[in-house]
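Participant: Have a look at the structure that comes next, please.
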Amino acid sequence: MTVVTRFAPSPTGPLHLGHAYSALMAFDFARKNNGKFLLRIEDIDQSRSRQSWEEQIYQDLTWLGISWDGPVLRQSERFEAYHSGLKMLSEKRLIYSCSCNRKDILSALSAPQEGVEVPFGPDGPIYPGTCRNEQKSDQSIVGGALRINMRKASELLDYPIYFQEMSFIFGDVSISQNELIEEIGDIVLSRKDMGTSYHLSVILDDAYQGVTDVIRGDDLFEATKIHVLLQKLFGLDTPTYHHHRLIRDANGKRLAKRDDARAISKYREDGYSPSDIRELVKLPAA
């Protein structure tokens, strides 16, 4: 089987050292295994995506010595596929509409005792089921936020379910039904201003592109459990996952797109070479 990796940045700001590390790791892994390296632009957030940032992504990657195989996939051209996925889940009665905002969720989680510790999962505060408990019938998948009914969805699977993690665990990671329900909960699969979500689009796009190995930061390790669940529900193959360390600043804080001082374009302007970038992120020379 041909190894296929991908790099999937969002065009909402400049690429920084952390992006360079992840992209170079995926690129190197594909080339080492005589595989394919794909580029995907995750621009489902149309309110924040900018063509200028997308163009800079291409420039930064090219300067780093990274080339991609085949055309670039843009998520903004895939909304029909995401809608079809939501429709399938709706037909199985696995999703419901939700009108709660973050304040509503935090208020429900802290009631009736003020100061109670709010449970957090990979998507933030674990949803208390307010709208799920109010549902009387199937909900339209058009408009509004849509959440998965995690209890109903998890009942369709055989346990334990597994995925392969090859970076810091080196083996199978098991996911229990209780973990899905209690530690992840009813996560959003479609946001009202997007028509999809990261979790839904990423698993459908990885399957569409035939990605065999997903290489990304260890901050997404818990989110991978969501993705494996969705892959099982859709009957999709689960890639092998490689969760790498994060590149942090001198204070140990993870880099963000607003940290322009570590933007790849800034290093380029300051006279750094692609080899210097590899040395900064502690990757071997190409």
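Letters A, B, ... mark the chains of the structure tokens in the order given; residue numbers begin at 1 per chain; ligand numbers begin at 1, in order shown.
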Determine, counting only C-alpha atoms, which protein, DNA and RNA residues have an atom within 12 Å of an atom of A:Glu279; residues of the same chain fewer than 6 positions away are not included. Present the result as number ranges by chain.

Facilitator: A: 17, 20-21, 24, 272-273, 285-286

Participant: Fewer than 6 positions away in the same chain doesn't count, so skip those; otherwise give me all residues within 8 Å of A:Leu15, counting only C-alpha atoms, as a PyMOL selection string.

Facilitator: chain A and resi 57+60+257+263-265

Participant: Could you take the residues named above and write them with N, CA and C atoms, as an mmCIF file, in the first residue's frame?

Facilitator:
data_model
loop_
_atom_site.group_PDB
_atom_site.id
_atom_site.type_symbol
_atom_site.label_atom_id
_atom_site.label_comp_id
_atom_site.auth_asym_id
_atom_site.auth_seq_id
_atom_site.Cartn_x
_atom_site.Cartn_y
_atom_site.Cartn_z
ATOM 1 N N ILE A 57 0.981 30.573 2.096
ATOM 2 C CA ILE A 57 1.218 29.168 2.430
ATOM 3 C C ILE A 57 2.013 28.491 1.319
ATOM 4 N N ASP A 60 5.624 29.851 1.361
ATOM 5 C CA ASP A 60 6.418 29.358 2.495
ATOM 6 C C ASP A 60 6.816 27.896 2.304
ATOM 7 N N LYS A 257 -0.812 31.527 15.423
ATOM 8 C CA LYS A 257 -0.660 32.289 14.188
ATOM 9 C C LYS A 257 -0.459 33.775 14.453
ATOM 10 N N ALA A 263 6.884 33.718 12.423
ATOM 11 C CA ALA A 263 6.323 33.376 11.116
ATOM 12 C C ALA A 263 7.438 32.971 10.161
ATOM 13 N N ILE A 264 7.173 31.986 9.316
ATOM 14 C CA ILE A 264 8.174 31.527 8.355
ATOM 15 C C ILE A 264 8.622 32.672 7.453
ATOM 16 N N SER A 265 7.691 33.493 7.039
ATOM 17 C CA SER A 265 8.033 34.609 6.151
ATOM 18 C C SER A 265 8.996 35.580 6.824
#

Participant: I'd like the neighbourhood of A:Tyr127 as a compact mmCIF listing (two decimals) with C-alpha atoms, in the first residue's frame, where a residue qualifies if any of its atoms comes within 8 Å (using only C-alpha atoms), though same-chain residues fewer than 5 positions away should be ignored.

Facilitator:
# COMPACT_ATOMS: atom_id res chain seq x y z
CA ILE A 105 -23.33 25.55 28.38
CA LEU A 109 -22.66 22.73 33.81
CA GLY A 185 -19.78 14.03 24.80
CA ASP A 186 -22.09 15.49 22.16
CA ILE A 187 -19.59 17.47 20.10

Participant: Assign secondary structure with DSSP using the backbone only, and return the residues of stretch 57-286 of chain A in strand (DSSP E) as JSON, numbers by chain.

Facilitator: {"A": [73, 74, 95, 96, 97, 98, 120, 121, 124, 125, 145, 146, 147, 148, 161, 162, 163, 164, 165, 171, 172, 173, 174, 175, 188, 189, 190, 213, 214, 215, 216, 217, 240, 241, 242, 243, 244]}

Participant: Given the choices A:Cys131, A:Leu64, A:Ala30, A:Ile247, which gets closest to A:Arg268 if the distance is worked out from only C-alpha atoms?

Facilitator: A:Leu64

Participant: What does the distance from atom CA of A:Ser174 to atom CA of A:Tyr162 come to in Å, to one decimal?

Facilitator: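 These two atoms are separated by 4.5 Å.
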
Participant: So that I can check the surroundings of A:Tyr58, please list as a PDB file with C-alpha atoms, in the first residue's frame every protein, DNA and RNA residue that reaches within 12 Å of it, counting only C-alpha atoms and ignoring chain neighbours fewer than 2 positions away.

Facilitator:
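After the write, result.pdb holds the following:
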ATOM      1  CA  PHE A   7      -0.458  18.889   5.433  1.00  0.00           C
ATOM      2  CA  ALA A   8      -3.701  20.781   5.985  1.00  0.00           C
ATOM      3  CA  PRO A   9      -3.239  24.402   7.103  1.00  0.00           C
ATOM      4  CA  SER A  10      -5.979  27.003   7.454  1.00  0.00           C
ATOM      5  CA  PRO A  11      -5.432  30.254   5.508  1.00  0.00           C
ATOM      6  CA  PRO A  14       0.943  33.147   8.617  1.00  0.00           C
ATOM      7  CA  LEU A  15       2.587  29.751   8.963  1.00  0.00           C
ATOM      8  CA  ALA A  23       4.731  19.954   7.264  1.00  0.00           C
ATOM      9  CA  LEU A  39      -1.631  19.625   0.452  1.00  0.00           C
ATOM     10  CA  ARG A  40      -5.116  20.516   1.650  1.00  0.00           C
ATOM     11  CA  ILE A  41      -6.345  24.023   2.425  1.00  0.00           C
ATOM     12  CA  GLN A  51      -6.647  34.395  -0.333  1.00  0.00           C
ATOM     13  CA  SER A  52      -3.513  36.331   0.602  1.00  0.00           C
ATOM     14  CA  TRP A  53      -2.778  33.897   3.441  1.00  0.00           C
ATOM     15  CA  GLU A  54      -3.361  30.956   1.128  1.00  0.00           C
ATOM     16  CA  GLU A  55      -0.869  32.353  -1.375  1.00  0.00           C
ATOM     17  CA  GLN A  56       1.665  32.814   1.404  1.00  0.00           C
ATOM     18  CA  ASP A  60       6.418  29.358   2.495  1.00  0.00           C
ATOM     19  CA  LEU A  61       6.169  25.652   1.692  1.00  0.00           C
ATOM     20  CA  THR A  62       7.986  26.058  -1.622  1.00  0.00           C
ATOM     21  CA  TRP A  63      10.757  28.013   0.102  1.00  0.00           C
ATOM     22  CA  LEU A  64      11.089  25.227   2.692  1.00  0.00           C
ATOM     23  CA  GLY A  65      11.702  22.779  -0.143  1.00  0.00           C
ATOM     24  CA  ILE A  66       8.307  21.111   0.163  1.00  0.00           C
ATOM     25  CA  SER A  67       6.470  20.038  -2.980  1.00  0.00           C
ATOM     26  CA  TRP A  68       3.110  18.281  -3.117  1.00  0.00           C
ATOM     27  CA  VAL A  72      -4.415  21.201  -3.849  1.00  0.00           C
ATOM     28  CA  ILE A 264       8.174  31.527   8.355  1.00  0.00           C
ATOM     29  CA  SER A 265       8.033  34.609   6.151  1.00  0.00           C
TER      30      SER A 265
END

Participant: Of the residues A:Val4, A:Val211, A:Gln59, A:Pro125, which is the one nearest to A:Lys32, using only C-alpha atoms?

Facilitator: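 For A:Lys32, the nearest of the given residues is A:Val4.
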
Participant: Please indicate the distance in Å from atom CA of A:Gly35 to atom CA of A:Thr240, rounded to one decimal place.

Facilitator: 14.3 Å

Participant: Which residue out of A:Arg151, A:Arg74, A:His83, A:Arg262 has the minimum interatomic distance to A:Glu179 when only C-alpha atoms are used?

Facilitator: A:Arg151

Participant: Fewer than 5 positions away in the same chain doesn't count, so skip those; otherwise give me all residues within 9 Å of A:Ala108, counting only C-alpha atoms, as a PDB file with C-alpha atoms, in the first residue's frame.

Facilitator:
ATOM      1  CA  LYS A 103     -22.441  30.915  28.162  1.00  0.00           C
ATOM      2  CA  TYR A 127     -22.009  19.501  26.546  1.00  0.00           C
ATOM      3  CA  PRO A 128     -24.649  18.768  29.235  1.00  0.00           C
ATOM      4  CA  THR A 130     -29.685  20.566  27.107  1.00  0.00           C
TER       5      THR A 130
END

Participant: Given the choices A:Lys225, A:Arg132, A:Lys192, A:Arg147, which gets closest to A:Val173 if the distance is worked out from only C-alpha atoms?

Facilitator: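 That would be A:Lys225, the residue with the smallest distance to A:Val173.
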
Participant: Go through A:Glu165, A:Glu182, A:Glu269, A:Asp206 and flag the residue nearest A:Tyr241, using only C-alpha atoms for the distances.

Facilitator: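 The answer is A:Glu165, which sits nearest to A:Tyr241.
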
Participant: Please determine, counting only C-alpha atoms, which residue among A:Lys87, A:Arg245, A:Lys266, A:His199 has the shortest atom-to-atom distance to A:Gly18.

Facilitator: A:Arg245

Participant: Fewer than 6 positions away in the same chain doesn't count, so skip those; otherwise give me all residues within 10 Å of A:Gly124, counting only C-alpha atoms, as a short mmCIF file (atom, residue, chain, number, x, y, z; two decimals) with C-alpha atoms, in the first residue's frame.

Facilitator:
data_model
loop_
_atom_site.label_atom_id
_atom_site.label_comp_id
_atom_site.auth_asym_id
_atom_site.auth_seq_id
_atom_site.Cartn_x
_atom_site.Cartn_y
_atom_site.Cartn_z
CA ARG A 102 -20.91 28.87 25.33
CA VAL A 118 -16.62 22.25 34.80
CA ILE A 184 -16.02 13.69 24.91
CA ILE A 187 -19.59 17.47 20.10
#

Participant: For stretch 78-165 of chain A against stretch 228-236 of chain A, with a cut-off of 9 Å and counting only C-alpha atoms, what is the closest atom pair and its distance in Å to one decimal for every residue that makes the cut, ordered by chain and number, as CSV?

Facilitator:
residue,atom,partner,partner_atom,distance
A:Gly85,CA,A:Phe234,CA,8.1
A:Met88,CA,A:Phe234,CA,8.5
A:Leu89,CA,A:Leu233,CA,8.4
A:Ala153,CA,A:Leu233,CA,7.6
A:Ser154,CA,A:Leu229,CA,7.8
A:Leu156,CA,A:Leu233,CA,7.8
A:Leu157,CA,A:Lys232,CA,7.5
A:Ile161,CA,A:Leu229,CA,8.3
A:Tyr162,CA,A:Val228,CA,7.9
A:Phe163,CA,A:Val228,CA,7.1

Participant: Selected residues, C-alpha atoms, written as a JSON list (two decimals), in the first residue's frame, please.

Facilitator:
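As a result, selection.json now contains:
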[["chain", "number", "residue", "atom", "x", "y", "z"],
["A", 85, "GLY", "CA", -22.30, 13.07, 5.54],
["A", 88, "MET", "CA", -26.47, 10.10, 6.51],
["A", 89, "LEU", "CA", -26.12, 10.70, 10.24],
["A", 153, "ALA", "CA", -23.77, 6.75, 18.21],
["A", 154, "SER", "CA", -21.50, 4.83, 20.58],
["A", 156, "LEU", "CA", -23.56, 1.18, 17.26],
["A", 157, "LEU", "CA", -19.92, 0.17, 17.78],
["A", 161, "ILE", "CA", -12.21, 0.35, 19.35],
["A", 162, "TYR", "CA", -8.61, 1.06, 18.42],
["A", 163, "PHE", "CA", -6.33, 3.30, 16.45]]

Participant: List as a compact mmCIF listing (two decimals) with N, CA and C atoms, in the first residue's frame the protein and nucleic acid residues near A:Lys36, meaning an atom at most 9 Å away when only C-alpha atoms are counted, but skip any in the same chain fewer than 4 places from it.

Facilitator:
# COMPACT_ATOMS: atom_id res chain seq x y z
N THR A 2 0.56 2.19 -0.85
CA THR A 2 1.32 3.44 -0.94
C THR A 2 1.04 4.33 0.25
N VAL A 3 2.10 4.82 0.87
CA VAL A 3 1.97 5.76 1.99
C VAL A 3 1.51 7.10 1.45
N VAL A 4 0.49 7.67 2.08
CA VAL A 4 -0.02 8.99 1.70
C VAL A 4 -0.13 9.84 2.96
N THR A 5 0.61 10.95 2.99
CA THR A 5 0.51 11.90 4.10
C THR A 5 -0.06 13.21 3.55
N ARG A 6 -0.37 14.11 4.47
CA ARG A 6 -0.91 15.40 4.04
C ARG A 6 -0.54 16.48 5.04
N PHE A 27 6.14 15.59 5.01
CA PHE A 27 6.81 15.54 3.72
C PHE A 27 7.96 14.52 3.75
N ALA A 30 6.69 10.88 3.85
CA ALA A 30 6.21 10.40 2.55
C ALA A 30 7.37 10.09 1.62
N ARG A 31 8.34 10.98 1.56
CA ARG A 31 9.46 10.77 0.65
C ARG A 31 10.32 9.58 1.08
N TRP A 68 4.24 19.18 -3.36
CA TRP A 68 3.11 18.28 -3.12
C TRP A 68 2.71 17.58 -4.40
N ASP A 69 2.11 16.43 -4.21
CA ASP A 69 1.73 15.58 -5.34
C ASP A 69 0.27 15.81 -5.70
N GLY A 70 0.03 16.19 -6.92
CA GLY A 70 -1.34 16.41 -7.36
C GLY A 70 -1.86 17.78 -6.98
